[in-house]
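Source file: structure_5.cif; contents: mmCIF, C-alpha atoms and all ligand atoms.
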data_model
#
loop_
_atom_site.label_atom_id
_atom_site.label_comp_id
_atom_site.auth_asym_id
_atom_site.auth_seq_id
_atom_site.Cartn_x
_atom_site.Cartn_y
_atom_site.Cartn_z
CA MET L 1 33.81 78.72 179.96
CA ASN L 2 35.30 81.95 178.65
CA ASN L 3 35.26 81.31 174.89
CA LEU L 4 37.25 84.41 174.04
CA LEU L 5 40.20 83.21 176.16
CA VAL L 6 40.00 79.75 174.60
CA GLU L 7 40.00 81.31 171.11
CA LYS L 8 42.99 83.51 171.96
CA THR L 9 44.88 80.52 173.34
CA LYS L 10 44.09 78.41 170.26
CA ASN L 11 45.21 81.19 167.93
CA VAL L 12 48.78 81.14 169.21
CA ASP L 13 51.32 78.90 167.47
CA TRP L 14 52.93 77.63 170.66
CA GLU L 15 56.01 76.18 168.93
CA PHE L 16 57.82 79.53 168.38
CA LEU L 17 60.40 77.68 166.32
CA THR L 18 62.01 80.72 164.72
CA ASP L 19 61.62 83.24 167.55
CA ASP L 20 64.55 84.91 169.27
CA THR L 21 64.63 83.67 172.86
CA ARG L 22 67.69 85.56 174.10
CA TYR L 23 66.59 89.18 174.00
CA ASP L 24 66.93 91.81 176.76
CA THR L 25 68.02 90.18 180.03
CA HIS L 26 66.92 86.63 179.13
CA ASP L 27 70.41 85.48 178.16
CA PHE L 28 72.26 86.50 181.33
CA HIS L 29 72.92 83.01 182.69
CA ARG L 30 72.59 79.42 181.59
CA TYR L 31 69.89 77.53 183.52
CA SER L 32 68.77 73.94 183.01
CA SER L 33 65.26 73.52 181.59
CA LYS L 34 64.35 77.18 181.17
CA PHE L 35 61.13 77.75 179.31
CA ILE L 36 61.23 80.07 176.37
CA PRO L 37 60.07 83.64 177.03
CA GLN L 38 57.34 83.41 174.39
CA ILE L 39 55.44 80.86 176.51
CA ALA L 40 55.34 83.16 179.54
CA ARG L 41 54.69 86.22 177.33
CA ASN L 42 51.63 84.78 175.60
CA LEU L 43 50.12 83.38 178.79
CA ILE L 44 50.60 86.70 180.59
CA GLU L 45 49.13 88.66 177.67
CA ILE L 46 46.08 86.42 177.33
CA TYR L 47 45.30 85.76 181.01
CA SER L 48 46.14 89.07 182.75
CA LYS L 49 45.98 92.84 182.32
CA LYS L 50 48.53 95.61 182.80
CA GLY L 51 49.09 96.49 186.46
CA GLU L 52 47.95 93.07 187.68
CA LEU L 53 50.06 90.62 189.72
CA VAL L 54 51.66 87.49 188.21
CA LEU L 55 53.25 84.76 190.35
CA ASP L 56 55.79 82.07 189.44
CA VAL L 57 56.39 79.58 192.28
CA PHE L 58 59.27 77.84 190.43
CA VAL L 59 60.81 80.94 188.95
CA GLY L 60 64.19 79.36 188.02
CA SER L 61 66.12 81.87 185.94
CA GLY L 62 63.28 84.39 186.06
CA THR L 63 61.70 84.10 182.61
CA THR L 64 58.16 84.79 183.90
CA CYS L 65 59.18 87.81 185.96
CA VAL L 66 61.20 89.35 183.13
CA GLU L 67 58.24 88.97 180.76
CA ALA L 68 55.85 90.35 183.40
CA GLU L 69 58.05 93.46 183.71
CA LEU L 70 58.21 93.89 179.93
CA LEU L 71 54.41 93.62 179.74
CA GLY L 72 53.67 96.04 182.60
CA ARG L 73 52.55 93.45 185.17
CA ASN L 74 53.82 93.28 188.76
CA SER L 75 55.28 89.96 189.70
CA ILE L 76 56.41 87.68 192.49
CA GLY L 77 58.99 84.99 191.76
CA ASN L 78 60.06 82.31 194.20
CA ASP L 79 62.63 79.54 194.03
CA LEU L 80 64.41 77.51 196.66
CA ASN L 81 67.64 77.58 194.68
CA PRO L 82 69.86 80.57 195.63
CA LEU L 83 71.37 80.64 192.13
CA ALA L 84 67.87 80.98 190.66
CA TYR L 85 67.15 83.79 193.12
CA LEU L 86 70.34 85.63 192.15
CA ILE L 87 69.79 85.30 188.39
CA THR L 88 66.15 86.38 188.63
CA LYS L 89 66.97 89.32 190.87
CA VAL L 90 69.65 90.57 188.45
CA LYS L 91 67.50 90.02 185.35
CA THR L 92 64.58 91.97 186.81
CA THR L 93 66.50 94.81 188.47
CA SER L 94 67.04 97.62 186.02
CA ILE L 95 70.43 99.35 186.20
CA LYS L 96 70.33 102.72 184.47
CA ASP L 97 72.32 103.23 181.26
CA GLU L 98 74.40 106.00 182.90
CA VAL L 99 75.44 103.62 185.69
CA LEU L 100 76.29 100.92 183.17
CA ASP L 101 78.45 103.39 181.26
CA THR L 102 80.25 104.76 184.33
CA ASP L 103 80.25 102.57 187.45
CA VAL L 104 80.08 99.20 185.69
CA ALA L 105 82.71 100.29 183.15
CA ASN L 106 84.99 101.57 185.96
CA ILE L 107 84.69 98.37 188.00
CA LEU L 108 85.46 96.33 184.90
CA SER L 109 88.47 98.47 184.09
CA ASP L 110 89.76 98.06 187.66
CA ILE L 111 89.43 94.28 187.34
CA ARG L 112 91.16 94.33 183.96
CA ASN L 113 94.10 96.33 185.37
CA LYS L 114 94.53 94.03 188.34
CA VAL L 115 94.53 90.88 186.22
CA ALA L 116 96.88 92.50 183.68
CA GLU L 117 99.30 93.44 186.45
CA ASN L 118 99.20 89.92 187.79
CA ARG L 119 99.84 88.47 184.32
CA GLU L 120 102.77 90.82 183.92
CA PHE L 121 104.15 89.75 187.29
CA GLU L 122 103.82 86.06 186.56
CA ASN L 123 105.01 86.21 182.93
CA PRO L 124 107.07 89.37 182.69
CA SER L 125 107.37 90.88 179.25
CA GLN L 126 110.41 93.01 178.53
CA THR L 127 108.53 96.25 179.01
CA LEU L 128 109.25 98.81 181.68
CA PHE L 129 105.92 98.06 183.26
CA ALA L 130 107.06 94.49 183.98
CA HIS L 131 109.48 95.68 186.65
CA LYS L 132 106.77 97.58 188.44
CA ALA L 133 104.17 94.81 188.37
CA LYS L 134 103.28 93.55 191.84
CA LYS L 135 101.82 90.21 192.79
CA ILE L 136 98.13 90.70 193.46
CA LYS L 137 97.07 89.11 196.72
CA ALA L 138 93.95 87.00 196.32
CA ASP L 139 93.05 83.79 198.16
CA ALA L 140 91.20 81.07 196.32
CA PRO L 141 88.25 79.43 198.08
CA SER L 142 88.74 75.89 199.32
CA PHE L 143 85.75 73.75 198.42
CA PRO L 144 86.33 70.04 197.69
CA ASN L 145 88.11 69.23 194.40
CA ILE L 146 88.45 72.85 193.35
CA GLU L 147 91.86 72.07 191.76
CA ARG L 148 90.30 69.37 189.61
CA TRP L 149 87.70 71.79 188.28
CA PHE L 150 89.92 74.81 187.66
CA GLN L 151 93.43 75.07 186.24
CA PRO L 152 95.90 77.04 188.46
CA GLN L 153 96.03 80.16 186.25
CA VAL L 154 92.22 80.17 186.01
CA LEU L 155 91.86 79.89 189.76
CA ARG L 156 94.31 82.73 190.22
CA GLU L 157 92.41 85.09 187.90
CA LEU L 158 89.03 84.08 189.26
CA SER L 159 90.28 84.84 192.77
CA ILE L 160 91.47 88.30 191.73
CA ILE L 161 88.11 89.01 190.05
CA LYS L 162 86.29 87.66 193.13
CA ASP L 163 88.15 90.04 195.47
CA ALA L 164 87.47 93.02 193.22
CA ILE L 165 83.76 92.14 193.16
CA ASN L 166 83.76 91.92 196.93
CA ASN L 167 84.88 95.56 197.10
CA ILE L 168 81.72 96.76 195.29
CA LYS L 169 79.56 98.73 197.72
CA SER L 170 76.23 98.85 195.86
CA VAL L 171 74.25 95.63 196.41
CA GLU L 172 72.66 95.83 192.94
CA LEU L 173 75.97 96.25 191.15
CA LYS L 174 77.55 93.53 193.22
CA GLN L 175 74.75 91.11 192.35
CA PHE L 176 75.16 92.05 188.67
CA PHE L 177 78.89 91.22 188.81
CA VAL L 178 78.37 88.05 190.88
CA CYS L 179 75.83 86.86 188.29
CA ALA L 180 78.38 87.48 185.50
CA PHE L 181 81.05 85.69 187.53
CA SER L 182 78.81 82.67 188.03
CA ALA L 183 77.86 82.64 184.33
CA THR L 184 81.57 82.59 183.40
CA LEU L 185 82.60 79.73 185.69
CA ARG L 186 81.57 76.75 183.66
CA GLY L 187 83.24 77.86 180.42
CA VAL L 188 86.62 78.41 182.08
CA SER L 189 86.43 75.26 184.19
CA ASN L 190 87.54 71.77 183.18
CA ALA L 191 83.92 70.73 182.71
CA HIS L 192 82.95 69.13 179.41
CA SER L 193 81.08 71.68 177.32
CA GLY L 194 79.16 69.12 175.28
CA TYR L 195 76.93 67.88 178.11
CA GLY L 196 74.26 69.42 180.32
CA ASN L 197 75.59 67.58 183.34
CA LEU L 198 78.90 68.38 184.95
CA MET L 199 81.78 66.09 183.94
CA ILE L 200 85.51 66.66 183.88
CA ASN L 201 86.93 66.90 180.35
CA LYS L 202 90.32 65.23 180.61
CA ASN L 203 91.40 66.75 177.28
CA LYS L 204 90.49 70.29 178.22
CA ARG L 205 92.73 72.88 176.53
CA LEU L 206 94.88 75.21 178.59
CA VAL L 207 92.48 78.01 179.52
CA LYS L 208 94.12 81.40 179.05
CA ASP L 209 91.10 83.66 178.69
CA THR L 210 89.45 83.77 182.12
CA LEU L 211 89.43 87.57 182.27
CA GLU L 212 88.36 87.82 178.62
CA SER L 213 85.42 85.41 179.19
CA PHE L 214 84.31 87.40 182.21
CA GLU L 215 84.61 90.67 180.26
CA ARG L 216 82.58 89.27 177.37
CA GLN L 217 79.92 88.19 179.83
CA ILE L 218 79.76 91.64 181.44
CA LEU L 219 79.55 93.34 178.03
CA THR L 220 76.76 91.00 176.89
CA MET L 221 74.88 91.74 180.11
CA VAL L 222 75.40 95.50 179.71
CA GLU L 223 73.91 95.35 176.20
CA GLY L 224 71.04 93.14 177.43
CA MET L 225 70.32 95.50 180.30
CA LYS L 226 70.29 98.55 178.01
CA SER L 227 67.81 96.84 175.74
CA PHE L 228 65.71 95.80 178.77
CA ASN L 229 65.73 99.43 179.97
CA LYS L 230 64.19 100.52 176.65
CA HIS L 231 61.31 98.05 176.94
CA VAL L 232 60.62 97.63 180.65
CA GLU L 233 57.59 99.26 182.27
CA LYS L 234 57.37 100.77 185.77
CA VAL L 235 56.20 97.80 187.82
CA SER L 236 57.52 95.86 190.79
CA SER L 237 59.06 92.38 190.91
CA LYS L 238 59.51 90.77 194.30
CA ILE L 239 61.89 87.84 194.27
CA TYR L 240 62.04 85.33 197.13
CA CYS L 241 64.32 82.43 197.92
CA SER L 242 62.06 80.08 199.77
CA ASP L 243 60.25 76.75 199.63
CA SER L 244 57.03 77.00 197.64
CA ARG L 245 55.38 74.39 199.83
CA ASP L 246 54.84 77.34 202.16
CA LEU L 247 54.00 80.61 200.41
CA SER L 248 52.99 82.42 203.61
CA PHE L 249 54.64 85.61 202.29
CA VAL L 250 51.86 85.81 199.65
CA LYS L 251 48.41 86.90 200.84
CA ASN L 252 45.22 84.88 200.26
CA ASN L 253 43.34 85.78 197.05
CA SER L 254 45.94 88.35 196.00
CA VAL L 255 47.38 87.01 192.73
CA ASP L 256 45.79 87.61 189.29
CA LEU L 257 47.68 84.92 187.35
CA ILE L 258 50.08 82.06 188.05
CA VAL L 259 52.52 80.97 185.33
CA THR L 260 54.90 78.28 186.44
CA HIS L 261 57.08 75.40 185.34
CA PRO L 262 57.77 72.73 187.97
CA PRO L 263 60.95 70.64 187.97
CA TYR L 264 60.97 67.48 185.85
CA ILE L 265 61.15 65.31 188.95
CA SER L 266 64.75 64.10 189.09
CA ALA L 267 65.48 64.54 185.36
CA VAL L 268 67.37 67.78 186.06
CA PRO L 269 69.40 67.62 189.28
CA TYR L 270 69.83 71.38 189.67
CA ALA L 271 72.18 71.28 192.64
CA GLU L 272 74.47 68.77 190.94
CA TYR L 273 74.60 70.65 187.62
CA GLN L 274 75.14 73.98 189.34
CA LYS L 275 77.59 72.97 192.01
CA LEU L 276 80.48 75.01 190.59
CA SER L 277 78.43 78.18 190.93
CA LEU L 278 76.85 77.19 194.26
CA ASN L 279 80.26 76.45 195.81
CA TRP L 280 81.76 79.79 194.76
CA LEU L 281 78.63 81.64 195.85
CA LYS L 282 78.70 79.94 199.26
CA GLU L 283 82.42 80.46 199.86
CA CYS L 284 82.85 83.95 198.45
CA PHE L 285 79.60 85.84 197.95
CA SER L 286 77.16 84.63 200.59
CA ASP L 287 76.52 88.23 201.69
CA VAL L 288 74.39 88.88 198.59
CA PHE L 289 71.84 86.37 199.93
CA ASN L 290 69.47 86.53 202.86
CA ASP L 291 69.66 83.99 205.71
CA ASN L 292 66.98 81.72 204.29
CA CYS L 293 68.84 81.50 201.00
CA LYS L 294 72.27 80.95 202.58
CA GLU L 295 71.19 77.61 203.99
CA TYR L 296 70.60 76.25 200.46
CA LEU L 297 73.95 77.36 199.04
CA ASN L 298 75.24 73.92 199.94
CA PRO L 299 74.56 71.66 196.89
CA ARG L 300 73.91 68.64 199.11
CA ILE L 301 71.34 70.40 201.27
CA LEU L 302 69.72 71.98 198.23
CA ASP L 303 69.50 68.64 196.48
CA LYS L 304 67.67 67.15 199.47
CA GLU L 305 65.18 69.99 199.71
CA ILE L 306 64.48 70.74 196.08
CA ILE L 307 61.50 68.69 195.01
CA GLY L 308 62.56 65.77 192.90
CA GLY L 309 66.21 66.65 193.48
CA GLN L 310 67.45 63.30 194.72
CA ARG L 311 67.95 61.11 191.70
CA GLY L 312 68.92 57.87 193.43
CA ASN L 313 66.13 57.97 196.03
CA LYS L 314 63.52 55.26 195.45
CA ASN L 315 60.75 57.52 196.75
CA VAL L 316 61.63 60.41 194.46
CA VAL L 317 58.33 60.26 192.55
CA SER L 318 56.01 59.93 195.56
CA ARG L 319 57.94 62.63 197.40
CA PHE L 320 57.57 64.88 194.35
CA MET L 321 53.81 64.23 194.17
CA GLU L 322 53.31 64.96 197.88
CA SER L 323 55.22 68.22 197.55
CA MET L 324 53.31 69.21 194.42
CA LYS L 325 50.02 68.64 196.24
CA LEU L 326 51.08 71.14 198.92
CA ILE L 327 52.15 73.61 196.25
CA PHE L 328 48.81 73.23 194.41
CA GLN L 329 47.05 74.04 197.71
CA GLU L 330 49.20 77.12 198.15
CA MET L 331 48.64 78.25 194.54
CA TYR L 332 44.88 77.86 195.03
CA ARG L 333 44.97 79.85 198.28
CA VAL L 334 46.84 82.86 196.86
CA LEU L 335 45.00 83.10 193.51
CA LYS L 336 41.96 85.38 193.18
CA ASP L 337 38.60 83.74 192.44
CA GLN L 338 37.93 82.94 188.76
CA ARG L 339 41.56 83.63 187.81
CA TYR L 340 43.96 81.25 186.00
CA CYS L 341 46.92 79.07 186.89
CA CYS L 342 49.10 77.89 183.95
CA ILE L 343 51.50 75.02 184.47
CA VAL L 344 54.09 74.00 181.89
CA ILE L 345 55.15 70.35 182.10
CA GLY L 346 56.62 67.44 180.20
CA HIS L 347 56.43 63.71 180.87
CA PRO L 348 59.82 62.89 182.37
CA THR L 349 61.42 59.47 182.49
CA VAL L 350 62.41 58.61 186.04
CA GLN L 351 64.33 55.44 186.86
CA GLY L 352 63.37 54.07 183.45
CA LYS L 353 59.65 54.82 183.73
CA ILE L 354 57.67 57.56 181.97
CA ILE L 355 55.70 59.61 184.48
CA GLU L 356 52.47 60.98 182.99
CA LEU L 357 52.57 64.21 184.92
CA SER L 358 49.67 65.81 183.06
CA GLY L 359 47.22 63.19 184.35
CA GLU L 360 48.64 63.39 187.88
CA PHE L 361 48.43 67.18 187.90
CA LEU L 362 44.87 67.26 186.53
CA GLN L 363 43.79 65.06 189.41
CA MET L 364 45.74 67.01 192.02
CA ALA L 365 44.45 70.36 190.79
CA ASN L 366 40.92 69.04 190.86
CA GLU L 367 41.36 67.79 194.44
CA VAL L 368 42.40 71.21 195.71
CA GLY L 369 39.48 72.95 193.94
CA PHE L 370 40.76 74.06 190.51
CA LYS L 371 38.67 73.52 187.36
CA HIS L 372 40.51 72.36 184.25
CA PHE L 373 40.13 75.14 181.66
CA TYR L 374 42.30 74.22 178.65
CA THR L 375 45.43 72.25 177.69
CA VAL L 376 47.95 73.34 175.08
CA THR L 377 50.16 70.61 173.62
CA ARG L 378 53.52 71.61 172.21
CA GLY L 379 54.77 68.88 169.89
CA SER L 380 58.24 69.72 168.76
CA HIS L 381 59.64 70.96 172.00
CA ARG L 382 63.33 71.86 171.51
CA THR L 383 64.75 70.10 174.52
CA THR L 384 68.16 68.52 174.81
CA MET L 385 66.48 65.73 176.74
CA GLY L 386 65.13 63.78 173.80
CA LYS L 387 62.96 61.65 176.05
CA MET L 388 60.45 64.41 176.66
CA LYS L 389 58.99 64.87 173.21
CA GLU L 390 55.84 66.71 174.16
CA GLU L 391 55.22 69.51 176.54
CA TYR L 392 51.85 70.59 177.91
CA ILE L 393 50.51 73.82 179.28
CA LEU L 394 47.76 72.91 181.71
CA ILE L 395 45.47 75.86 182.36
CA PHE L 396 43.26 75.78 185.47
CA GLN L 397 40.71 78.24 186.80
CA LYS L 398 40.00 78.89 190.46
CA SER L 399 36.29 78.34 190.92
C1 LIG T 401 61.84 73.84 185.41
S1 LIG T 401 62.67 74.90 186.52
C2 LIG T 401 61.93 76.45 186.22
C3 LIG T 401 62.61 77.13 185.06
C4 LIG T 401 62.04 78.50 184.74
N1 LIG T 401 60.74 78.40 184.11
C5 LIG T 401 62.98 79.27 183.83
O1 LIG T 401 62.58 79.69 182.74
O2 LIG T 401 64.16 79.42 184.17
C6 LIG T 401 62.01 74.40 188.09
C7 LIG T 401 62.53 75.17 189.30
O3 LIG T 401 61.86 74.68 190.48
C8 LIG T 401 62.71 74.95 191.59
N2 LIG T 401 62.21 74.23 192.78
C9 LIG T 401 62.22 72.91 193.02
N3 LIG T 401 61.66 72.64 194.22
C10 LIG T 401 61.24 73.83 194.74
C11 LIG T 401 60.56 74.19 195.93
N4 LIG T 401 60.20 73.28 196.83
N5 LIG T 401 60.27 75.49 196.14
C12 LIG T 401 60.66 76.43 195.22
N6 LIG T 401 61.31 76.13 194.07
C13 LIG T 401 61.61 74.86 193.83
C14 LIG T 401 64.08 74.53 191.06
O4 LIG T 401 65.11 75.13 191.79
C15 LIG T 401 64.02 75.03 189.62
O5 LIG T 401 64.61 76.30 189.51
#
Turn the structure described in the file into structure tokens.
Ligand SMILES: C[S@@+](CC[C@H](N)C(=O)[O-])C[C@H]1O[C@@H](n2cnc3c(N)ncnc32)[C@H](O)[C@@H]1O
Amino acid sequence: MNNLLVEKTKNVDWEFLTDDTRYDTHDFHRYSSKFIPQIARNLIEIYSKKGELVLDVFVGSGTTCVEAELLGRNSIGNDLNPLAYLITKVKTTSIKDEVLDTDVANILSDIRNKVAENREFENPSQTLFAHKAKKIKADAPSFPNIERWFQPQVLRELSIIKDAINNIKSVELKQFFVCAFSATLRGVSNAHSGYGNLMINKNKRLVKDTLESFERQILTMVEGMKSFNKHVEKVSSKIYCSDSRDLSFVKNNSVDLIVTHPPYISAVPYAEYQKLSLNWLKECFSDVFNDNCKEYLNPRILDKEIIGGQRGNKNVVSRFMESMKLIFQEMYRVLKDQRYCCIVIGHPTVQGKIIELSGEFLQMANEVGFKHFYTVTRGSHRTTMGKMKEEYILIFQKS
């Protein structure tokens, strides 16, 4: 056993109760059950060196890859969820300050003008400009129940913004704007803001600030990106949208460290929670995804494929365990000998029963050839899901 690594791991206070978790690009988009950047940061610092390759097979909103970039490590991130792919891609792709100050500002100003003209047309003021204002043509998408989720004036402005985004030529800038668009959706929708899951709020106020919410989001992302640019090192992040049960795009014995955070079985139904974004992405922006990803833009298909996604299914736990076994085999195959695999987990409650994932994973890891190296227990995990009080970081070594 490498005592120095154990000592370094023990010396960290893994609670990070007062740390800022929203710096640089970390706060670009809400994502259910993110882990805090400090967890990825400390694991990467302790268990890898600059220039090495870090892999996250459940990359979610990209926390591991962002931290890898900030710490000068190359990274690969994979997730089956197209929204996760988009967020991670945008958070790890630096856009230069000059471009943020010119191109991004110009696109935003174009959007602002179009929405202003439309507002003037629909609610003319007594100014001269009112007579000149033209109706802006913009078709809304037509996914099921869209009118229940968005008020008419919101849908109108979102459609204008959507069309303007679709005129952006640069793929990177378009992804940046699509990410901001997706991040804005929930706040301007009729969804209840007090819950993680998606429920209609029957008492929702009249939403008048669709453009303003989108603008705020873009400006927050511009500031985050500028800060990221100051800290990021010259390394590469490759982001994939694929099923981690088959990591054939990663070579055998090529990865120096794995840091990952599997889903909490069915405790977080990603497709269900994210269906507003997934529907808009599918209907309006599918060209920013590759073919593999496009297939999963449908919340129902995604829910079936994502491991642990189907809440009502009786076999959800056994299906999850079978999938995790395949993923453990893949993680073992791609990791270099003697290197480490760190897995962050909680003990979720599924269909009324607590699932002791740490024990299950220790056994699974052992079966595929990993040696248990160390376990960190985080006691006061700040989750909104009160049922999972403790979180564990299981650290394995490939022997
Ligand atoms: C707990 S989240 C990871 C959150 C991430 N650590 C972050 O900070 O945002 C688990 C992720 O696993 C993904 N996932 C579930 N099944 C998958 C599969 N078969 N292949 C790849 N990703 C999968 C989900 O889409 C989800 O994004």
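The space between atom N1 of ligand LIG 401 (chain T) and CA of Val171 (chain L) spans 25.1 Å.
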When distances are computed from all atoms listed in the file, which of L:Pro263, L:Pro141, L:Pro299, L:Gly308 shows the smallest separation from ligand LIG 401 (chain T)? L:Pro263
Can you pull out every residue within 8 Å of Ser32 (chain L), counting all atoms listed in the file, but drop anything in the same chain fewer than 3 positions away, and send it as a compact mmCIF listing (two decimals) with C-alpha atoms, keeping the file's coordinate frame?
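This went into out-v1.txt:
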# COMPACT_ATOMS: atom_id res chain seq x y z
CA GLY L 196 74.26 69.42 180.32
CA VAL L 268 67.37 67.78 186.06
CA TYR L 270 69.83 71.38 189.67
Give me the residues within 12 Å of Ile39 (chain L) as a list in words, counting only C-alpha atoms and dropping any in the same chain fewer than 6 places off. Thr9, Val12, Asp13, Trp14, Glu15, Phe16, Leu17, Asp19, Thr21, Glu45, Ile46, Thr63, Thr64, Glu67, Ala68, Val259, Thr260, His261, Cys342, Ile343, Val344, Ile345, Val376, Thr377, Arg378, His381, Glu391, Tyr392 and Ile393 of chain L
Region 58-171 of chain L near region 248-255 of chain L within 10 Å: what's each residue's closest atom pair and its distance in Å to one decimal, counting only C-alpha atoms, ordered by chain then ascending residue number, as CSV?
residue,atom,partner,partner_atom,distance
L:Asn74,CA,L:Val255,CA,9.8
L:Ser75,CA,L:Val255,CA,9.0
L:Ile76,CA,L:Val250,CA,8.7
Check every protein, DNA and RNA residue against ligand LIG 401 (chain T), keep those with an atom at most 9 Å away (counting only C-alpha atoms and all ligand atoms), and present them as an NGL selection string. :L and (26 or 30-37 or 40 or 56-64 or 78-85 or 88 or 241-246 or 259-265 or 268-271 or 302 or 305-309 or 320 or 323-324 or 327 or 344-345)
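CA of Val115 (chain L) to CA of Phe177 (chain L) spans 15.9 Å [interatomic distance, one decimal].
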